[in-house]
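Structure first, commentary second.
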Amino acid sequence: MKNDFRQKLHLEPTKGWLNDPNGLSFFKGKYHIYFQYCPDSPYGNGNKCWGHWESSDLINWVFCGTAIRPDCPEDKNGAYSGCGIVSGDTLHIFYTGNVKNDGDYDYITAGREANVIHIATKDGRNMSEKRVLLRNSDYPKNCSCHVRDPKVWEENGKFYMVLGARTLDDKGCVLYYASPDLLNWTFEKAESRDGFGYMWECPDVIELCGNKYLSISPQGLAHGELSHQNIYSSGYFKGDEFIEWDYGFDFYAPQTFTAPDGRKIIIGWMGIGDIPYTNPTAELGWQHCLTMPRELVLKKDGEIYQKPLSELQLLRRECREIEANSSISAELPFELTGKICGDFSIKSNSFSLSYEDSIFTLEFLDMKVSGGRTSRRVRLENLDEIRIFADTSSLEIYLNGGKRVISSRFYPEDTEIELLVCGLSGKIYRLDGIKVTKGTENE
């Protein structure tokens, strides 16, 4: 069947541009996913707003339209990224109001305002009046005009906020603030690392099993053959070690939240800014998607593993066994799970997966299908198992139970793919898609 690139497993806009996930929360019986949204342009031009999906089960979603627009002097050039936190019967939303003043400015050291703005909502859809909580004058004097992406959490009866920032001497850092009431904030400290990029975006403090981890999306890191292969990176600090969340072509600006059963869930933007490759859906009127939600699990080695949510098993339909060396015809979307039992490889006419000398490689063989994406590699001392979710225009590959993940967009002409599988025994499932309907929109 000819592929129209509309995905079945991933949330994406029906029109316009999507980037960072925002305001992730569970509130009054529903999961809420807000996101950076330019409804009028698939290239990210025009008003930068917040779009909104909600769901009661992470499978059936309602698109609620545009939740936040840049409609006040303190956010006139964009309602940029932020978070949501539930307190009592209210969902409190924090975001960066972007202002670019007219004039001959570099918009790094002067000419830009970065305002932390607060909105409250009782139902996730109808928003209160906006209130500016922090302005440029409230940040440390050595900060540039680039301060953004508030993430707020509660700890021991007190609220804390982290903001990503760039110093005047081009050093990435995170700013920490504290508040007794979500409205009045006091600066506490800044955190940075020498030689680790010029800007830290989308900070997040993640607690798992009593351990805290700082997640950031740093810009300006040196690129390596097996690390920081993309223009920008995303990852978390395990002590002095920085571990990337995803080693594929398309992953950035992740955010976490806690489900009602205690699971810590992460969602990322399945895209990156300033990329040298392309997405043909832009010509059709929309661009980008979010990753599937993933559960974070802390392992004995101190690393955080990512695994697809158990709810996705409800989408499984037809199941076939995979023999160690076989040829398979698979209809998108599908899920492949397998144990490694020899010299491993999976090949199709558009991409290949291989493992040799402790290096796992995703390589695209058709540049038209990949939009210019070439290859990505990640080191694994051993490869025991693999799990692949292949949507109509994306791949999410989980290695060794989610110790490493590789995500990428690709655009095959047909939804039926021929796979040559070697050194793997397992199963392949044909999948139903998640369901997305339109609610009463605020378009």
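The chains in the structure tokens are called A, B, ... from first to last as shown; in each chain the residues are counted from 1, and the ligands are counted from 1 in the order shown.
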
| message | Taking 2 positions as the minimum chain separation for residues in the same chain, which residues sit within 10 Å of A:Asp123 when counting only C-alpha atoms? Answer as a PyMOL selection string. | response | chain A and resi 27-28+30+89-91+120-121+125-127

Within 9 Å of stretch 352-360 of chain A, counting only C-alpha atoms, which residues show up once you throw out same-chain ones fewer than 5 positions away? Write them as a tab-separated table (two decimals) with all heavy atoms, in the first residue's frame, please.
chain	number	residue	atom	x	y	z
A	226	LEU	N	30.84	8.14	18.12
A	226	LEU	CA	29.85	7.34	18.84
A	226	LEU	C	29.07	8.15	19.86
A	226	LEU	O	28.26	7.59	20.60
A	226	LEU	CB	30.55	6.17	19.54
A	226	LEU	CG	31.30	5.19	18.65
A	226	LEU	CD1	32.06	4.18	19.49
A	226	LEU	CD2	30.33	4.48	17.71
A	343	ASP	N	25.23	-14.17	14.59
A	343	ASP	CA	25.68	-12.94	13.94
A	343	ASP	C	24.45	-12.15	13.48
A	343	ASP	O	23.78	-12.53	12.53
A	343	ASP	CB	26.59	-13.26	12.75
A	343	ASP	CG	27.90	-13.88	13.20
A	343	ASP	OD1	28.32	-13.60	14.33
A	343	ASP	OD2	28.49	-14.65	12.42
A	344	PHE	N	24.19	-11.05	14.16
A	344	PHE	CA	22.92	-10.34	13.99
A	344	PHE	C	22.97	-9.33	12.86
A	344	PHE	O	23.95	-8.59	12.69
A	344	PHE	CB	22.56	-9.61	15.29
A	344	PHE	CG	21.48	-8.59	15.11
A	344	PHE	CD1	20.15	-8.97	15.08
A	344	PHE	CD2	21.79	-7.23	14.95
A	344	PHE	CE1	19.14	-8.02	14.91
A	344	PHE	CE2	20.80	-6.30	14.78
A	344	PHE	CZ	19.46	-6.69	14.75
A	345	SER	N	21.87	-9.28	12.10
A	345	SER	CA	21.62	-8.18	11.17
A	345	SER	C	20.16	-8.22	10.74
A	345	SER	O	19.53	-9.27	10.76
A	345	SER	CB	22.52	-8.25	9.93
A	345	SER	OG	22.19	-9.36	9.13
A	346	ILE	N	19.62	-7.05	10.42
A	346	ILE	CA	18.31	-6.93	9.79
A	346	ILE	C	18.48	-5.98	8.61
A	346	ILE	O	19.01	-4.88	8.77
A	346	ILE	CB	17.25	-6.37	10.76
A	346	ILE	CG1	17.02	-7.33	11.92
A	346	ILE	CG2	15.94	-6.11	10.03
A	346	ILE	CD1	16.01	-6.83	12.95
A	347	LYS	N	18.03	-6.42	7.45
A	347	LYS	CA	18.18	-5.59	6.25
A	347	LYS	C	16.85	-5.44	5.55
A	347	LYS	O	16.07	-6.38	5.43
A	347	LYS	CB	19.21	-6.21	5.30
A	347	LYS	CG	20.62	-6.22	5.86
A	347	LYS	CD	21.61	-6.78	4.84
A	347	LYS	CE	23.03	-6.75	5.40
A	347	LYS	NZ	24.02	-7.31	4.44
A	365	LEU	N	20.03	3.16	3.54
A	365	LEU	CA	20.59	2.78	2.25
A	365	LEU	C	20.02	3.58	1.10
A	365	LEU	O	20.58	3.56	0.00
A	365	LEU	CB	20.31	1.28	2.01
A	365	LEU	CG	20.68	0.35	3.17
A	365	LEU	CD1	20.25	-1.07	2.86
A	365	LEU	CD2	22.18	0.42	3.45
A	376	ARG	N	23.91	6.05	12.17
A	376	ARG	CA	24.15	6.36	13.58
A	376	ARG	C	24.65	5.09	14.26
A	376	ARG	O	24.16	3.99	13.98
A	376	ARG	CB	22.88	6.87	14.27
A	376	ARG	CG	22.50	8.28	13.85
A	376	ARG	CD	23.48	9.31	14.40
A	376	ARG	NE	23.16	10.67	14.04
A	376	ARG	CZ	23.68	11.33	13.02
A	376	ARG	NH1	24.53	10.70	12.20
A	376	ARG	NH2	23.36	12.58	12.79
A	377	ARG	N	25.61	5.27	15.19
A	377	ARG	CA	26.25	4.13	15.83
A	377	ARG	C	26.26	4.34	17.34
A	377	ARG	O	26.34	5.46	17.82
A	377	ARG	CB	27.68	3.98	15.32
A	377	ARG	CG	27.78	3.93	13.80
A	377	ARG	CD	29.20	4.16	13.32
A	377	ARG	NE	30.06	3.03	13.62
A	377	ARG	CZ	31.37	3.13	13.84
A	377	ARG	NH1	31.96	4.31	13.83
A	377	ARG	NH2	32.09	2.04	14.09
A	378	VAL	N	26.21	3.21	18.07
A	378	VAL	CA	26.26	3.27	19.53
A	378	VAL	C	27.03	2.05	20.03
A	378	VAL	O	26.92	0.96	19.49
A	378	VAL	CB	24.85	3.32	20.14
A	378	VAL	CG1	24.02	2.10	19.77
A	378	VAL	CG2	24.93	3.48	21.65
A	379	ARG	N	27.84	2.28	21.07
A	379	ARG	CA	28.64	1.18	21.64
A	379	ARG	C	27.82	0.40	22.66
A	379	ARG	O	27.16	0.96	23.53
A	379	ARG	CB	29.88	1.73	22.32
A	379	ARG	CG	30.79	0.64	22.91
A	379	ARG	CD	32.02	1.23	23.56
A	379	ARG	NE	32.85	1.92	22.59
A	379	ARG	CZ	33.70	1.32	21.76
A	379	ARG	NH1	33.80	-0.01	21.78
A	379	ARG	NH2	34.43	2.03	20.93
A	380	LEU	N	27.86	-0.94	22.53
A	380	LEU	CA	27.28	-1.86	23.49
A	380	LEU	C	28.26	-3.01	23.65
A	380	LEU	O	28.70	-3.62	22.66
A	380	LEU	CB	25.94	-2.42	22.98
A	380	LEU	CG	24.68	-1.57	23.15
A	380	LEU	CD1	23.53	-2.21	22.39
A	380	LEU	CD2	24.31	-1.43	24.61
A	381	GLU	N	28.61	-3.31	24.89
A	381	GLU	CA	29.59	-4.39	25.10
A	381	GLU	C	29.04	-5.72	24.64
A	381	GLU	O	29.81	-6.62	24.24
A	381	GLU	CB	29.99	-4.44	26.58
A	381	GLU	CG	30.79	-3.23	27.02
A	381	GLU	CD	32.00	-2.97	26.14
A	381	GLU	OE1	32.73	-3.94	25.82
A	381	GLU	OE2	32.21	-1.81	25.74
A	382	ASN	N	27.74	-5.89	24.70
A	382	ASN	CA	27.11	-7.09	24.15
A	382	ASN	C	25.71	-6.72	23.68
A	382	ASN	O	25.14	-5.73	24.14
A	382	ASN	CB	27.05	-8.22	25.19
A	382	ASN	CG	26.38	-7.76	26.48
A	382	ASN	OD1	25.17	-7.59	26.53
A	382	ASN	ND2	27.17	-7.55	27.52
A	383	LEU	N	25.18	-7.49	22.77
A	383	LEU	CA	23.81	-7.29	22.29
A	383	LEU	C	23.04	-8.57	22.56
A	383	LEU	O	23.31	-9.62	21.98
A	383	LEU	CB	23.80	-6.97	20.79
A	383	LEU	CG	22.41	-6.73	20.18
A	383	LEU	CD1	21.73	-5.51	20.83
A	383	LEU	CD2	22.50	-6.53	18.67

Close residues, A:Tyr160 itself excluded, 10 Å, only C-alpha atoms, min 4 positions apart in chain, as an mmCIF file with N, CA and C atoms, in the first residue's frame:
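And here's out_37.cif as it stands now:
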data_model
loop_
_atom_site.group_PDB
_atom_site.id
_atom_site.type_symbol
_atom_site.label_atom_id
_atom_site.label_comp_id
_atom_site.auth_asym_id
_atom_site.auth_seq_id
_atom_site.Cartn_x
_atom_site.Cartn_y
_atom_site.Cartn_z
ATOM 1 N N PRO A 150 11.250 26.516 31.881
ATOM 2 C CA PRO A 150 11.094 26.178 33.299
ATOM 3 C C PRO A 150 10.523 24.780 33.495
ATOM 4 N N LYS A 151 11.097 24.060 34.468
ATOM 5 C CA LYS A 151 10.545 22.774 34.926
ATOM 6 C C LYS A 151 10.422 22.839 36.440
ATOM 7 N N VAL A 152 9.216 22.577 36.953
ATOM 8 C CA VAL A 152 8.888 22.775 38.363
ATOM 9 C C VAL A 152 8.506 21.441 38.986
ATOM 10 N N TRP A 153 8.924 21.219 40.245
ATOM 11 C CA TRP A 153 8.513 20.045 40.990
ATOM 12 C C TRP A 153 8.362 20.412 42.459
ATOM 13 N N GLU A 154 7.694 19.523 43.214
ATOM 14 C CA GLU A 154 7.496 19.714 44.649
ATOM 15 C C GLU A 154 8.345 18.726 45.419
ATOM 16 N N GLU A 155 8.921 19.202 46.507
ATOM 17 C CA GLU A 155 9.775 18.351 47.332
ATOM 18 C C GLU A 155 9.705 18.821 48.784
ATOM 19 N N TYR A 176 18.640 27.324 39.507
ATOM 20 C CA TYR A 176 17.713 26.735 40.470
ATOM 21 C C TYR A 176 17.010 27.834 41.260
ATOM 22 N N TYR A 177 15.675 27.730 41.352
ATOM 23 C CA TYR A 177 14.871 28.655 42.137
ATOM 24 C C TYR A 177 13.986 27.854 43.098
ATOM 25 N N ALA A 178 13.533 28.500 44.157
ATOM 26 C CA ALA A 178 12.649 27.869 45.132
ATOM 27 C C ALA A 178 11.481 28.787 45.442
ATOM 28 N N SER A 179 10.351 28.180 45.852
ATOM 29 C CA SER A 179 9.141 28.955 46.140
ATOM 30 C C SER A 179 8.289 28.224 47.175
ATOM 31 N N PRO A 180 7.632 28.975 48.047
ATOM 32 C CA PRO A 180 6.694 28.345 48.988
ATOM 33 C C PRO A 180 5.294 28.177 48.412
ATOM 34 N N LEU A 182 4.460 28.619 44.554
ATOM 35 C CA LEU A 182 4.421 28.564 43.091
ATOM 36 C C LEU A 182 4.376 29.936 42.428
ATOM 37 N N TRP A 185 9.339 33.424 43.722
ATOM 38 C CA TRP A 185 10.496 32.576 43.504
ATOM 39 C C TRP A 185 11.791 33.286 43.907
ATOM 40 N N THR A 186 12.709 32.519 44.532
ATOM 41 C CA THR A 186 14.000 33.035 44.982
ATOM 42 C C THR A 186 15.120 32.213 44.362
ATOM 43 N N PHE A 187 16.099 32.906 43.805
ATOM 44 C CA PHE A 187 17.244 32.210 43.198
ATOM 45 C C PHE A 187 18.063 31.507 44.279
ATOM 46 N N GLU A 188 18.460 30.250 43.999
ATOM 47 C CA GLU A 188 19.255 29.484 44.945
ATOM 48 C C GLU A 188 20.678 29.225 44.474
ATOM 49 N N VAL A 205 14.876 17.765 36.496
ATOM 50 C CA VAL A 205 15.429 17.022 37.626
ATOM 51 C C VAL A 205 14.541 15.801 37.842
#

| message | Restricting the calculation to only C-alpha atoms: of A:Gly426, A:Gly84, A:Pro42, A:Pro280, which residue gets closest to A:Phe5? | response | A:Pro280

Skipping near chain neighbours, those fewer than 2 positions away, what residues fall within 7 Å of stretch 319-324 of chain A using only C-alpha atoms, listed as a PDB file with all heavy atoms, in the first residue's frame?
ATOM      1  N   ARG A 317      -1.810  -7.200  17.370  1.00  0.00           N
ATOM      2  CA  ARG A 317      -2.808  -8.015  16.691  1.00  0.00           C
ATOM      3  C   ARG A 317      -2.147  -9.293  16.173  1.00  0.00           C
ATOM      4  O   ARG A 317      -1.764 -10.139  16.943  1.00  0.00           O
ATOM      5  CB  ARG A 317      -3.479  -7.210  15.568  1.00  0.00           C
ATOM      6  CG  ARG A 317      -4.396  -6.113  16.091  1.00  0.00           C
ATOM      7  CD  ARG A 317      -5.535  -6.672  16.936  1.00  0.00           C
ATOM      8  NE  ARG A 317      -6.337  -5.636  17.584  1.00  0.00           N
ATOM      9  CZ  ARG A 317      -6.250  -5.285  18.842  1.00  0.00           C
ATOM     10  NH1 ARG A 317      -5.339  -5.864  19.636  1.00  0.00           N
ATOM     11  NH2 ARG A 317      -7.046  -4.363  19.359  1.00  0.00           N
ATOM     12  N   SER A 326      15.709 -15.692   8.401  1.00  0.00           N
ATOM     13  CA  SER A 326      14.467 -15.753   7.645  1.00  0.00           C
ATOM     14  C   SER A 326      14.200 -14.443   6.935  1.00  0.00           C
ATOM     15  O   SER A 326      14.777 -13.402   7.243  1.00  0.00           O
ATOM     16  CB  SER A 326      13.290 -16.084   8.575  1.00  0.00           C
ATOM     17  OG  SER A 326      13.194 -15.133   9.613  1.00  0.00           O
ATOM     18  N   CYS A 422      18.774 -12.014  10.359  1.00  0.00           N
ATOM     19  CA  CYS A 422      19.807 -13.003  10.652  1.00  0.00           C
ATOM     20  C   CYS A 422      20.190 -12.928  12.132  1.00  0.00           C
ATOM     21  O   CYS A 422      20.289 -11.836  12.701  1.00  0.00           O
ATOM     22  CB  CYS A 422      21.064 -12.759   9.814  1.00  0.00           C
ATOM     23  SG  CYS A 422      20.806 -12.899   8.039  1.00  0.00           S
ATOM     24  N   GLY A 423      20.405 -14.083  12.731  1.00  0.00           N
ATOM     25  CA  GLY A 423      20.900 -14.134  14.105  1.00  0.00           C
ATOM     26  C   GLY A 423      19.921 -13.645  15.142  1.00  0.00           C
ATOM     27  O   GLY A 423      20.337 -13.130  16.186  1.00  0.00           O
ATOM     28  N   LEU A 424      18.630 -13.823  14.902  1.00  0.00           N
ATOM     29  CA  LEU A 424      17.614 -13.354  15.842  1.00  0.00           C
ATOM     30  C   LEU A 424      16.430 -14.311  15.821  1.00  0.00           C
ATOM     31  O   LEU A 424      15.983 -14.746  14.753  1.00  0.00           O
ATOM     32  CB  LEU A 424      17.153 -11.948  15.478  1.00  0.00           C
ATOM     33  CG  LEU A 424      16.046 -11.315  16.321  1.00  0.00           C
ATOM     34  CD1 LEU A 424      16.282  -9.826  16.481  1.00  0.00           C
ATOM     35  CD2 LEU A 424      14.667 -11.534  15.682  1.00  0.00           C
ATOM     36  N   SER A 425      15.930 -14.659  16.983  1.00  0.00           N
ATOM     37  CA  SER A 425      14.692 -15.426  17.082  1.00  0.00           C
ATOM     38  C   SER A 425      13.724 -14.637  17.954  1.00  0.00           C
ATOM     39  O   SER A 425      14.106 -14.080  18.984  1.00  0.00           O
ATOM     40  CB  SER A 425      14.943 -16.798  17.695  1.00  0.00           C
ATOM     41  OG  SER A 425      15.468 -16.687  19.000  1.00  0.00           O
ATOM     42  N   GLY A 426      12.472 -14.556  17.517  1.00  0.00           N
ATOM     43  CA  GLY A 426      11.528 -13.746  18.280  1.00  0.00           C
ATOM     44  C   GLY A 426      10.171 -13.723  17.629  1.00  0.00           C
ATOM     45  O   GLY A 426       9.733 -14.694  17.004  1.00  0.00           O
ATOM     46  N   LYS A 427       9.509 -12.554  17.746  1.00  0.00           N
ATOM     47  CA  LYS A 427       8.155 -12.403  17.240  1.00  0.00           C
ATOM     48  C   LYS A 427       8.006 -11.054  16.547  1.00  0.00           C
ATOM     49  O   LYS A 427       8.705 -10.099  16.866  1.00  0.00           O
ATOM     50  CB  LYS A 427       7.137 -12.505  18.379  1.00  0.00           C
ATOM     51  CG  LYS A 427       7.128 -13.839  19.094  1.00  0.00           C
ATOM     52  CD  LYS A 427       6.119 -13.850  20.234  1.00  0.00           C
ATOM     53  CE  LYS A 427       6.108 -15.201  20.937  1.00  0.00           C
ATOM     54  NZ  LYS A 427       5.133 -15.236  22.057  1.00  0.00           N
ATOM     55  N   ILE A 428       7.070 -11.018  15.624  1.00  0.00           N
ATOM     56  CA  ILE A 428       6.721  -9.752  14.994  1.00  0.00           C
ATOM     57  C   ILE A 428       5.205  -9.610  15.058  1.00  0.00           C
ATOM     58  O   ILE A 428       4.455 -10.551  14.778  1.00  0.00           O
ATOM     59  CB  ILE A 428       7.233  -9.675  13.539  1.00  0.00           C
ATOM     60  CG1 ILE A 428       7.022  -8.273  12.975  1.00  0.00           C
ATOM     61  CG2 ILE A 428       6.616 -10.741  12.643  1.00  0.00           C
ATOM     62  CD1 ILE A 428       7.779  -8.015  11.683  1.00  0.00           C
ATOM     63  N   TYR A 429       4.770  -8.443  15.511  1.00  0.00           N
ATOM     64  CA  TYR A 429       3.344  -8.175  15.699  1.00  0.00           C
ATOM     65  C   TYR A 429       2.897  -7.104  14.719  1.00  0.00           C
ATOM     66  O   TYR A 429       3.563  -6.069  14.573  1.00  0.00           O
ATOM     67  CB  TYR A 429       3.056  -7.659  17.109  1.00  0.00           C
ATOM     68  CG  TYR A 429       3.441  -8.588  18.224  1.00  0.00           C
ATOM     69  CD1 TYR A 429       4.722  -8.541  18.783  1.00  0.00           C
ATOM     70  CD2 TYR A 429       2.518  -9.489  18.767  1.00  0.00           C
ATOM     71  CE1 TYR A 429       5.075  -9.377  19.830  1.00  0.00           C
ATOM     72  CE2 TYR A 429       2.867 -10.325  19.813  1.00  0.00           C
ATOM     73  CZ  TYR A 429       4.143 -10.271  20.340  1.00  0.00           C
ATOM     74  OH  TYR A 429       4.500 -11.099  21.381  1.00  0.00           O
ATOM     75  N   ARG A 430       1.787  -7.329  14.096  1.00  0.00           N
ATOM     76  CA  ARG A 430       1.125  -6.234  13.391  1.00  0.00           C
ATOM     77  C   ARG A 430       0.353  -5.425  14.419  1.00  0.00           C
ATOM     78  O   ARG A 430      -0.270  -5.993  15.328  1.00  0.00           O
ATOM     79  CB  ARG A 430       0.184  -6.764  12.322  1.00  0.00           C
ATOM     80  CG  ARG A 430      -0.410  -5.667  11.453  1.00  0.00           C
ATOM     81  CD  ARG A 430      -1.173  -6.218  10.271  1.00  0.00           C
ATOM     82  NE  ARG A 430      -1.716  -5.150   9.452  1.00  0.00           N
ATOM     83  CZ  ARG A 430      -2.391  -5.347   8.335  1.00  0.00           C
ATOM     84  NH1 ARG A 430      -2.590  -6.594   7.900  1.00  0.00           N
ATOM     85  NH2 ARG A 430      -2.853  -4.328   7.646  1.00  0.00           N
TER      86      ARG A 430
END
